[in-house]
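Engineer: File follows, target_25.cif with mmCIF, C-alpha atoms:
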```cif
data_coords
loop_
_atom_site.label_atom_id
_atom_site.label_comp_id
_atom_site.auth_asym_id
_atom_site.auth_seq_id
_atom_site.Cartn_x
_atom_site.Cartn_y
_atom_site.Cartn_z
CA MET K 283 113.21 64.46 107.73
CA ILE K 284 114.59 65.09 104.25
CA SER K 285 112.29 62.56 102.58
CA GLN K 286 109.29 64.14 104.28
CA VAL K 287 110.35 67.59 103.09
CA ARG K 288 110.55 66.35 99.52
CA GLN K 289 107.19 64.63 99.74
CA GLN K 290 105.19 67.30 101.59
CA LEU K 291 106.72 70.43 100.08
CA GLY K 292 107.34 69.05 96.61
CA CYS K 293 110.86 70.42 96.45
CA GLU K 294 114.42 69.20 96.40
CA ALA K 295 116.20 69.22 99.73
CA VAL K 296 119.97 69.07 100.24
CA ILE K 297 121.61 68.21 103.55
CA VAL K 298 125.11 69.51 104.20
CA GLN K 299 126.46 68.68 107.64
CA PRO K 300 129.78 68.56 109.51
CA SER K 301 131.30 65.11 109.69
CA ALA K 302 130.58 63.45 113.03
CA ALA K 303 133.44 63.73 115.50
CA PRO K 304 133.84 60.87 117.97
CA GLY K 305 133.65 61.52 121.68
CA ALA K 306 131.79 63.96 123.90
CA ALA K 307 134.74 66.36 124.08
CA ALA K 308 134.97 66.55 120.31
CA ALA K 309 131.22 67.13 120.06
CA ALA K 310 131.39 69.95 122.59
CA ALA K 311 134.29 71.56 120.72
CA ALA K 312 132.39 71.27 117.44
CA ALA K 313 129.34 72.95 118.97
CA ALA K 314 131.47 75.79 120.33
CA ALA K 315 133.01 76.35 116.90
CA ALA K 316 129.72 76.02 115.00
CA VAL K 317 129.66 79.67 113.95
CA ASP K 318 133.34 79.97 113.01
CA TYR K 319 134.49 79.85 109.40
CA SER K 320 137.46 77.62 108.55
CA PHE K 321 139.35 80.04 106.34
CA ASP K 322 142.10 78.80 104.02
CA GLN K 323 141.49 75.13 104.81
CA GLU K 324 140.63 72.42 102.31
CA LEU K 325 137.32 70.87 103.38
CA GLN K 326 136.71 67.37 102.09
CA ILE K 327 133.16 66.57 100.94
CA THR K 328 131.81 63.02 101.24
CA PRO K 329 128.46 62.02 99.68
CA GLN K 330 126.28 59.89 101.95
CA LEU K 331 123.92 57.06 101.07
CA GLU K 332 120.86 59.31 101.27
CA PRO K 333 120.42 61.29 98.01
CA HIS K 334 121.75 64.85 98.12
CA THR K 335 123.24 64.37 101.58
CA TYR K 336 126.84 65.40 102.17
CA SER K 337 129.31 65.47 105.06
CA VAL K 338 132.05 68.08 105.13
CA HIS K 339 135.14 66.95 107.05
CA GLY K 340 136.75 69.48 109.32
CA ALA K 341 133.94 71.98 108.76
CA SER K 342 131.81 73.98 111.17
CA ALA K 343 128.07 74.33 110.70
CA ALA K 344 128.65 77.84 109.31
CA ASP K 345 131.13 76.37 106.80
CA CYS K 346 128.47 73.92 105.65
CA VAL K 347 125.97 76.69 104.91
CA LEU K 348 128.51 78.67 102.91
CA CYS K 349 129.76 75.58 101.05
CA ALA K 350 126.17 74.76 100.11
CA VAL K 351 124.92 78.13 98.90
CA ASP K 352 127.91 79.85 97.30
CA GLN K 353 126.76 80.95 93.84
CA LYS K 354 129.94 79.96 91.98
CA ALA K 355 131.49 76.92 93.65
CA GLY K 356 128.85 75.76 96.14
CA LEU K 357 127.21 72.35 96.20
CA LEU K 358 123.83 73.68 95.07
CA ALA K 359 125.42 75.40 92.07
CA ALA K 360 127.20 72.15 91.18
CA LEU K 361 123.85 70.33 91.34
CA GLY K 362 122.13 72.93 89.18
CA LEU K 363 119.96 74.13 92.07
CA SER K 364 119.24 77.54 93.58
CA PRO K 365 118.89 78.14 97.33
CA VAL K 366 115.37 78.87 98.58
CA LEU K 367 115.53 78.45 102.34
CA VAL K 368 118.08 77.39 104.99
CA VAL K 369 116.86 75.19 107.85
CA VAL K 370 119.30 74.61 110.72
CA GLY K 371 118.36 71.65 112.90
CA VAL K 372 116.63 69.88 114.36
CA HIS K 373 118.93 70.92 117.22
CA ARG K 374 118.68 68.94 120.46
CA GLY K 375 118.40 71.52 123.21
CA PRO K 376 116.24 74.57 123.95
CA ALA K 377 116.84 78.08 122.66
CA LEU K 378 114.57 79.91 125.07
CA GLY K 379 114.81 83.37 126.60
CA SER K 380 118.28 84.86 126.59
CA ASP K 381 119.72 81.41 125.78
CA ILE K 382 118.77 82.14 122.18
CA ASP K 383 121.98 84.13 121.86
CA SER K 384 124.12 81.17 122.94
CA CYS K 385 122.36 78.56 120.78
CA ALA K 386 124.58 77.41 117.92
CA ALA K 387 121.61 76.58 115.68
CA VAL K 388 120.22 80.11 115.97
CA ALA K 389 123.67 81.65 115.42
CA VAL K 390 124.19 79.65 112.21
CA ALA K 391 120.68 80.48 110.97
CA ARG K 392 121.40 84.16 111.63
CA GLN K 393 124.60 83.93 109.59
CA ALA K 394 122.64 82.35 106.73
CA ALA K 395 120.11 85.18 106.95
CA GLN K 396 122.85 87.78 106.79
CA LEU K 397 124.00 86.16 103.57
CA GLY K 398 120.57 87.11 102.17
CA LEU K 399 118.76 83.79 102.68
CA PRO K 400 115.50 83.11 104.54
CA ALA K 401 116.42 80.98 107.55
CA VAL K 402 114.74 78.87 110.23
CA ALA K 403 116.38 77.42 113.34
CA SER K 404 114.54 74.39 114.71
CA CYS K 405 115.13 73.15 118.27
CA LEU K 406 113.79 70.36 120.42
CA ALA K 407 113.35 72.06 123.79
CA SER K 408 115.14 69.27 125.64
CA PRO K 409 118.78 68.17 125.69
CA SER K 410 117.83 64.74 127.01
CA ALA K 411 118.98 61.87 124.82
CA ALA K 412 115.82 60.02 125.86
CA ALA K 413 113.52 62.66 124.33
CA SER K 414 112.18 61.75 120.89
CA MET K 415 113.04 64.06 118.01
CA GLN K 416 109.82 63.23 116.15
CA PRO K 417 107.69 66.01 117.71
CA ALA K 418 110.25 68.58 116.58
CA VAL K 419 110.41 67.05 113.11
CA ASP K 420 106.60 67.14 112.76
CA ALA K 421 106.39 70.75 114.00
CA THR K 422 109.22 71.82 111.68
CA LEU K 423 107.48 70.33 108.65
CA GLN K 424 104.23 72.13 109.47
CA LEU K 425 106.07 75.42 109.93
CA LEU K 426 107.98 74.96 106.67
CA GLN K 427 104.75 74.48 104.75
CA ARG K 428 103.60 77.90 105.93
CA VAL K 429 107.04 79.45 105.33
CA VAL K 430 107.23 78.26 101.72
CA GLY K 431 103.77 79.68 101.06
CA CYS K 432 104.89 82.99 102.49
CA LEU K 433 107.99 83.08 100.29
CA ARG K 434 105.98 82.28 97.19
CA GLN K 435 103.71 85.22 97.88
CA ALA K 436 106.60 87.58 98.69
CA ARG K 437 108.49 86.67 95.51
CA HIS K 438 105.47 86.15 93.26
CA SER K 439 106.88 82.82 92.14
CA SER K 440 105.66 79.23 92.16
CA TRP K 441 109.04 78.14 93.49
CA PRO K 442 110.80 81.12 95.05
CA ALA K 443 114.59 81.06 94.73
CA ALA K 444 116.36 83.46 97.10
CA ALA K 445 116.51 86.85 95.43
CA ASN K 446 118.74 88.74 97.88
CA MET K 447 121.91 86.65 97.58
CA PRO K 448 124.31 88.18 96.90
CA ARG K 449 122.87 91.07 98.83
CA ALA K 450 121.93 94.28 97.12
CA HIS K 451 123.79 96.92 99.09
CA PHE K 452 121.83 99.97 97.92
CA PRO K 453 119.32 101.33 98.43
CA PHE K 454 118.60 100.18 101.97
CA PRO K 455 114.95 99.37 102.68
CA GLU K 456 113.42 102.02 104.92
CA ALA K 457 109.86 100.95 105.82
CA GLY K 458 109.77 99.73 109.40
CA ARG K 459 113.56 99.92 109.74
CA TRP K 460 116.08 101.96 111.70
CA ALA K 461 116.19 104.49 108.89
CA LEU K 462 117.44 107.65 110.59
CA GLY K 463 115.85 110.72 109.15
CA LYS K 464 113.10 108.58 107.60
CA GLU K 465 111.42 106.16 110.01
CA LEU K 466 113.24 107.59 113.02
CA PRO K 467 114.40 111.16 113.72
CA LEU K 468 118.06 112.01 113.39
CA PRO K 469 120.06 112.42 116.61
CA GLN K 470 120.38 116.04 117.67
CA GLN K 471 124.08 116.04 116.80
CA ALA K 472 123.29 114.99 113.23
CA SER K 473 120.15 117.03 112.74
CA SER K 474 120.11 120.60 111.55
CA SER K 475 117.03 121.23 113.68
CA SER K 476 116.80 120.65 117.41
CA SER K 477 113.02 120.50 117.40
CA GLY K 478 111.17 117.27 118.04
CA SER K 479 111.93 114.25 120.18
CA THR K 480 114.83 111.94 119.44
CA TRP K 481 113.31 109.06 121.42
CA HIS K 482 110.37 107.02 120.20
CA PRO K 483 108.14 105.76 123.04
CA ASP K 484 106.66 103.27 120.57
CA ASP K 485 109.95 101.37 120.49
CA CYS K 486 109.68 99.40 123.70
CA TRP K 487 108.61 95.91 124.68
CA ALA K 488 106.25 96.42 127.62
CA LEU K 489 103.37 94.73 125.79
CA GLY K 490 99.97 96.08 126.77
CA GLU K 491 101.56 98.88 128.79
CA ASP K 492 103.72 101.40 126.93
CA ASN K 493 104.02 99.89 123.46
CA SER K 494 101.69 101.75 121.15
CA TRP K 495 101.43 100.86 117.50
CA ALA K 496 98.66 103.34 116.80
CA GLY K 497 99.40 106.49 118.76
CA SER K 498 97.36 106.45 121.95
CA SER K 499 95.61 103.22 120.99
CA ARG K 500 96.68 99.88 122.45
CA GLN K 501 96.09 97.97 119.21
CA PRO K 502 97.22 98.74 115.65
CA SER K 503 94.65 99.58 113.04
CA SER K 504 93.93 97.04 110.33
CA SER K 505 95.90 99.07 107.81
CA GLN K 506 98.90 99.31 110.14
CA ALA K 507 98.76 95.58 110.88
CA ALA K 508 98.63 94.81 107.15
CA ALA K 509 101.57 97.14 106.50
CA ALA K 510 103.58 95.51 109.28
CA ALA K 511 102.82 92.02 107.95
CA ASP K 512 104.01 93.05 104.51
CA ILE K 513 107.23 94.48 105.97
CA LEU K 514 107.82 91.24 107.90
CA ARG K 515 107.26 89.05 104.83
CA ARG K 516 109.68 91.10 102.75
CA ALA K 517 112.24 91.20 105.56
CA PHE K 518 112.10 87.41 105.94
CA ALA K 519 112.49 86.87 102.20
CA ASP K 520 115.51 89.18 102.21
CA GLY K 521 117.13 87.56 105.25
CA ASP K 522 116.68 90.52 107.59
CA ILE K 523 114.70 88.46 110.12
CA LEU K 524 114.69 84.74 110.89
CA LEU K 525 112.48 82.26 112.70
CA CYS K 526 113.37 80.23 115.79
CA LEU K 527 111.21 77.19 116.57
CA ASN K 528 111.23 75.56 120.02
CA VAL K 529 109.24 72.34 120.27
CA PRO K 530 108.50 70.71 123.65
CA PRO K 531 109.04 66.93 123.75
CA THR K 532 105.36 66.53 124.66
CA TRP K 533 104.16 68.36 121.54
CA LYS K 534 101.48 66.72 119.43
CA PRO K 535 100.44 67.89 115.96
CA SER K 536 96.94 69.04 115.17
CA SER K 537 95.11 68.26 111.96
CA SER K 538 94.16 71.94 111.74
CA SER K 539 97.85 73.00 111.52
CA SER K 540 98.15 72.55 107.79
CA SER K 541 99.88 74.50 105.08
CA SER K 542 96.76 76.57 104.58
CA SER K 543 95.41 79.13 106.99
CA SER K 544 93.35 77.65 109.78
CA ARG K 545 91.32 80.72 110.68
CA GLY K 546 87.93 79.74 112.01
CA SER K 547 89.11 76.38 113.31
CA SER K 548 87.86 75.33 116.72
CA ALA K 549 90.90 73.16 117.50
CA PRO K 550 93.22 74.55 120.20
CA PRO K 551 96.42 76.07 118.79
CA VAL K 552 99.50 73.87 118.93
CA PHE K 553 101.87 76.69 117.96
CA ALA K 554 102.44 80.08 119.57
CA SER K 555 103.91 83.23 118.06
CA THR K 556 106.34 84.36 120.72
CA ARG K 557 109.19 86.58 121.79
CA PRO K 558 112.11 85.51 124.04
CA GLY K 559 110.88 84.93 127.59
CA VAL K 560 112.61 85.77 130.85
CA LEU K 561 114.97 83.22 132.39
CA TRP K 562 117.46 83.83 135.20
CA HIS K 563 120.44 81.51 135.53
CA CYS K 564 121.38 81.03 139.18
CA TYR K 565 124.65 79.16 138.84
CA GLN K 566 126.40 77.69 141.84
CA VAL K 567 130.14 77.98 142.44
CA GLU K 568 131.64 75.81 145.17
CA ALA K 569 135.16 75.55 146.51
CA GLY K 570 136.76 72.15 145.87
CA PRO K 571 136.97 69.20 146.24
CA ALA K 572 135.27 68.22 142.99
CA GLU K 573 132.87 65.84 144.78
CA PRO K 574 130.58 67.72 147.22
CA THR K 575 130.99 66.84 150.88
CA SER K 576 128.12 66.27 153.29
CA SER K 577 128.39 69.88 154.48
CA SER K 578 128.43 71.41 151.02
CA ILE K 579 125.69 73.65 149.71
CA SER K 580 124.52 71.15 147.12
CA SER K 581 124.22 68.31 149.65
CA ARG K 582 122.42 70.55 152.14
CA PHE K 583 120.00 71.66 149.44
CA ALA K 584 119.43 68.07 148.35
CA ARG K 585 118.58 66.95 151.90
CA GLN K 586 116.01 69.73 152.33
CA THR K 587 114.37 69.56 148.90
CA GLY K 588 114.99 66.03 147.69
CA THR K 589 116.64 67.45 144.58
CA SER K 590 120.30 67.42 143.62
CA TRP K 591 122.07 70.27 141.87
CA ARG K 592 123.51 67.71 139.50
CA THR K 593 121.94 66.90 136.16
CA GLN K 594 119.65 63.88 136.27
CA GLU K 595 119.03 61.63 133.29
CA GLN K 596 115.27 62.05 133.46
CA ASP K 597 115.45 65.85 133.55
CA VAL K 598 114.28 66.81 130.06
CA PHE K 599 115.75 70.29 130.40
CA GLY K 600 119.16 68.97 131.43
CA ARG K 601 118.96 70.61 134.87
CA SER K 602 117.83 69.34 138.27
CA LEU K 603 115.49 71.82 139.90
CA PRO K 604 113.30 71.84 143.03
CA SER K 605 109.89 71.78 141.32
CA SER K 606 108.25 69.92 138.45
CA SER K 607 105.52 71.40 136.25
CA PHE K 608 106.32 71.08 132.56
CA SER K 609 102.63 70.93 131.71
CA SER K 610 99.45 70.20 133.64
CA SER K 611 98.63 67.14 131.57
CA GLN K 612 102.07 65.55 131.28
CA PRO K 613 104.41 66.63 134.10
CA VAL K 614 108.12 66.06 133.85
CA VAL K 615 109.50 63.21 135.95
CA THR K 616 112.19 65.37 137.52
CA GLY K 617 113.21 68.95 137.04
CA ALA K 618 111.45 71.97 135.59
CA PHE K 619 111.81 75.70 135.63
CA VAL K 620 111.29 77.34 139.03
CA GLN K 621 108.59 79.99 138.86
CA GLN K 622 109.42 83.31 140.45
CA ASP K 623 107.00 82.67 143.34
CA ASN K 624 109.34 79.93 144.56
CA THR K 625 112.43 82.12 144.53
CA ASP K 626 112.23 83.10 148.20
CA LYS K 627 111.91 79.48 149.26
CA ALA K 628 114.87 78.39 147.18
CA ALA K 629 116.94 81.37 148.31
CA SER K 630 116.21 80.74 151.99
CA LEU K 631 117.48 77.19 151.66
CA ARG K 632 120.75 78.47 150.24
CA ALA K 633 121.25 81.46 152.52
CA GLU K 634 122.40 79.75 155.70
CA PRO K 635 125.00 77.36 154.20
CA TRP K 636 126.26 80.12 151.92
CA GLN K 637 126.79 82.45 154.88
CA GLN K 638 128.50 79.68 156.78
CA GLN K 639 130.82 78.95 153.89
CA GLN K 640 131.58 82.66 153.44
CA GLN K 641 132.45 83.00 157.12
CA GLN K 642 134.67 79.94 156.95
CA GLN K 643 136.53 81.32 153.93
CA GLN K 644 137.01 84.67 155.64
CA GLN K 645 138.38 82.93 158.70
CA GLN K 646 140.73 80.77 156.68
CA GLU K 647 141.80 83.67 154.40
CA GLU K 648 142.91 81.16 151.81
CA VAL K 649 142.34 81.09 148.07
CA PRO K 650 140.63 77.77 147.21
CA ALA K 651 142.75 75.31 145.30
CA SER K 652 139.85 74.55 142.94
CA LEU K 653 136.32 75.64 142.12
CA VAL K 654 133.36 73.62 140.88
CA ILE K 655 130.63 75.29 138.83
CA ARG K 656 127.19 73.73 139.32
CA ARG K 657 124.22 74.24 137.02
CA GLY K 658 122.17 75.55 139.92
CA THR K 659 118.65 76.81 139.39
CA LEU K 660 116.93 78.41 136.42
CA LEU K 661 114.22 80.89 137.38
CA ASN K 662 111.41 82.06 135.15
CA ASP K 663 109.54 85.36 135.33
CA HIS K 664 106.25 85.55 133.44
CA ALA K 665 106.39 87.44 130.15
CA THR K 666 103.41 88.05 127.91
CA ALA K 667 103.84 86.04 124.69
CA GLY K 668 107.08 84.53 126.01
CA ASP K 669 108.55 81.41 124.43
CA VAL K 670 109.03 79.79 127.85
CA GLU K 671 105.33 80.15 128.63
CA ALA K 672 104.44 78.58 125.27
CA VAL K 673 106.69 75.57 125.83
CA PHE K 674 105.24 75.11 129.33
CA SER K 675 101.82 74.93 127.67
CA SER K 676 103.08 72.18 125.34
CA ARG K 677 102.87 74.56 122.37
CA ALA K 678 105.65 74.94 119.81
CA ALA K 679 107.07 78.46 120.16
CA VAL K 680 107.84 80.38 116.95
CA SER K 681 109.87 83.54 117.60
CA THR K 682 110.61 86.17 114.96
CA LEU K 683 114.18 87.37 115.54
CA GLN K 684 116.34 90.14 114.18
CA ALA K 685 119.12 89.07 111.84
CA TRP K 686 121.02 92.28 112.57
CA PRO K 687 122.01 94.07 115.77
CA VAL K 688 119.44 96.51 117.12
CA GLY K 689 120.04 99.90 115.53
CA HIS K 690 121.58 98.43 112.37
CA PRO K 691 120.15 100.15 109.26
CA LEU K 692 118.52 96.85 108.20
CA SER K 693 117.11 95.96 111.63
CA LEU K 694 113.38 96.29 112.17
CA ARG K 695 111.80 98.70 114.59
CA ASP K 696 110.34 97.25 117.77
CA ALA K 697 106.82 98.24 116.75
CA VAL K 698 107.07 96.06 113.64
CA LEU K 699 108.46 93.10 115.57
CA ALA K 700 105.68 93.46 118.13
CA ALA K 701 103.21 93.05 115.27
CA ALA K 702 104.87 89.70 114.53
CA LEU K 703 103.25 88.33 117.69
CA ASP K 704 99.84 88.29 116.01
CA GLU K 705 98.74 84.65 115.57
CA ASP K 706 96.44 82.77 113.26
CA ASP K 707 94.15 80.10 114.67
CA ALA K 708 96.93 77.50 114.58
CA GLY K 709 99.11 79.82 116.68
CA LEU K 710 101.59 80.43 113.85
CA PRO K 711 102.68 84.01 113.12
CA ALA K 712 99.87 85.62 111.14
CA TRP K 713 102.33 87.44 108.89
CA LEU K 714 103.29 84.10 107.35
CA THR K 715 99.81 83.87 105.81
CA PRO K 716 99.31 86.39 102.97
#
```
Rewrite the coordinates I just gave you, this time as structure tokens.
Structural biologist:
Amino acid sequence: MISQVRQQLGCEAVIVQPSAAPGAAAAAAAAAAAVDYSFDQELQITPQLEPHTYSVHGASAADCVLCAVDQKAGLLAALGLSPVLVVVGVHRGPALGSDIDSCAAVAVARQAAQLGLPAVASCLASPSAAASMQPAVDATLQLLQRVVGCLRQARHSSWPAAANMPRAHFPFPEAGRWALGKELPLPQQASSSSSGSTWHPDDCWALGEDNSWAGSSRQPSSSQAAAAADILRRAFADGDILLCLNVPPTWKPSSSSSSSSSRGSSAPPVFASTRPGVLWHCYQVEAGPAEPTSSSISSRFARQTGTSWRTQEQDVFGRSLPSSSFSSSQPVVTGAFVQQDNTDKAASLRAEPWQQQQQQQQQQEEVPASLVIRRGTLLNDHATAGDVEAVFSSRAAVSTLQAWPVGHPLSLRDAVLAAALDEDDAGLPAWLTP
């Protein structure tokens, strides 16, 4: 992808990556430690054949970001370059719903943002080794074209080097933030006056129900929308929000999704501006032995549904589930998310064997010698503007995420983040287009 970035964006791109560790166990350990810094260790840097591509031995992904962008001793400084944007990925595996918090790519991008750098986490919404990475690469390039244009406008520069690294500690920005006493009222304990409400009904995420950007109105005024877009652009340039891209393996680019705004285009959108959707993990824990017996829950479920709890190679989501509906045009061979309407059916199939096993354990009154954790079922509840819904529609989901914990002085108010769901005709966040 690096050559395409250089060609399409007209910029220099530097890849800094952890050295590949052999074996699945080593890869899993590296992923788990992706967000940890390797303090007080000497990290060896090895140039690769591709220009400006480096491997860092013994480093985590977070180490690589810091080694690249440090102003004094980092790789970019040694090359005479200034950081503009950090892109983490393309990561193989989805970061949808609440799984965003456990995705290493998103965690590393958030750390880069907290350093003061604009950051994008790019994910192929499939862990399957058989799924092509090219759709995610194409979608990432199209998103980056829009992102670079946004940064140029926010920084008033033809090539916008990051201006908030190192971070300016004071004064804190207040517009659209958790600025107590400014944007939000002080708590009663900290306020000299007890008048007024300390809770803002605008700060909630029931879209179309309780969230109100313009008082009693359901939609923000044009001036409020423009103000929110400006806050979002500045927050992204300063590293106070980041973008998470999830690309389905069936995604296809559209000629209308170019670096310029596509308003007025008749082509269907291939992107979607989203928020995290709703997923429910229904894991399965079985008493040993490791291999399920014919009377086990997983075998009983498989006989009644034709689906095993175990991961199947053709399951693009890495889970084996009792229904298949990735998209209406190109269904998945095996496995897909179970819609909430099917919950009762799935639960009824599990109820009887689970009760039987529970009764047997109570009768035996023995602690099992071993336990086996199965992936089980992943349920999906519909959420307006959810990333899961976008991926199911074969659209690339672009979610605007907080870089800071909710309530942090630099975190954005919910009303501003809700405005980030506004799309242009390509489906990309409208705030990216000045």
Engineer: Between atom CA of K:Val552 and atom CA of K:Ala708, what is the distance, to one decimal in Å?
Structural biologist: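 Those two atoms sit 6.2 Å apart.
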Engineer: So, with all atoms listed in the file as the atoms that count, which of K:Ile523, K:Ala554, K:Val369, K:Tyr565 lies closest to K:Arg695?
Structural biologist: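 Among K:Ile523, K:Ala554, K:Val369, K:Tyr565, it is K:Ile523 that comes nearest to K:Arg695.
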Engineer: Padding 5 Å on every side, please: axis-aligned box over the listed atoms of stretch 288-296 of chain K, centre and edge lengths to one decimal in Å, as AutoDock Vina command-line options.
Structural biologist:
```
--center_x 112.6 --center_y 67.5 --center_z 99.0 --size_x 24.8 --size_y 15.8 --size_z 15.2
```
Engineer: Enter the distance from atom CA of K:Ala569 to atom CA of K:Leu661, in Å, rounded to one decimal.
Structural biologist: 23.5 Å
Engineer: Point out the residue among K:Gln323, K:Gly559, K:Arg515, K:Pro551 with the least atom-to-atom distance to K:Arg428, counting only C-alpha atoms.
Structural biologist: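 Result for the nearest residue to K:Arg428: K:Arg515.
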Engineer: To one decimal place, how far is atom CA of K:Gln435 from atom CA of K:Phe518 in Å?
Structural biologist: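 Taking atom CA of K:Gln435 and atom CA of K:Phe518, their separation equals 11.8 Å.
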Engineer: Neighbourhood query: residues within 9 Å of (125.8, 90.3, 99.6), file coordinates, counting all atoms listed in the file; return as an NGL selection string.
Structural biologist: :K and (396-398 or 446-451)
Engineer: For K:Gly362, find every residue with an atom within 12 Å (counting only C-alpha atoms), except residues of its own chain fewer than 6 positions away, and show them as a PyMOL selection string.
Structural biologist: chain K and resi 294+296+350-351+353-356
Engineer: Give me, as a JSON list (two decimals) with C-alpha atoms, in the frame of the given file, all polymer residues having an atom no more than 8 Å from K:Gly340, counting only C-alpha atoms and skipping those fewer than 2 positions away in the same chain.
Structural biologist:
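As written to disk, around_35.json reads:
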```
[["chain", "number", "residue", "atom", "x", "y", "z"],
["K", 300, "PRO", "CA", 129.78, 68.56, 109.51],
["K", 301, "SER", "CA", 131.30, 65.11, 109.69],
["K", 325, "LEU", "CA", 137.32, 70.87, 103.38],
["K", 326, "GLN", "CA", 136.71, 67.37, 102.09],
["K", 338, "VAL", "CA", 132.05, 68.08, 105.13],
["K", 342, "SER", "CA", 131.81, 73.98, 111.17]]
```
Engineer: Evaluate the PyMOL selection byres ((chain K and resi 334) around 10) here and jot the selected residues down as a list of chain:residue names.
Structural biologist: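 Taken over the shown coordinates, the PyMOL selection byres ((chain K and resi 334) around 10) returns K:Ile284, K:Glu294, K:Ala295, K:Val296, K:Ile297, K:Val298, K:Pro329, K:Gln330, K:Leu331, K:Glu332, K:Pro333, K:Thr335, K:Tyr336, K:Leu357, K:Leu358, K:Leu361.
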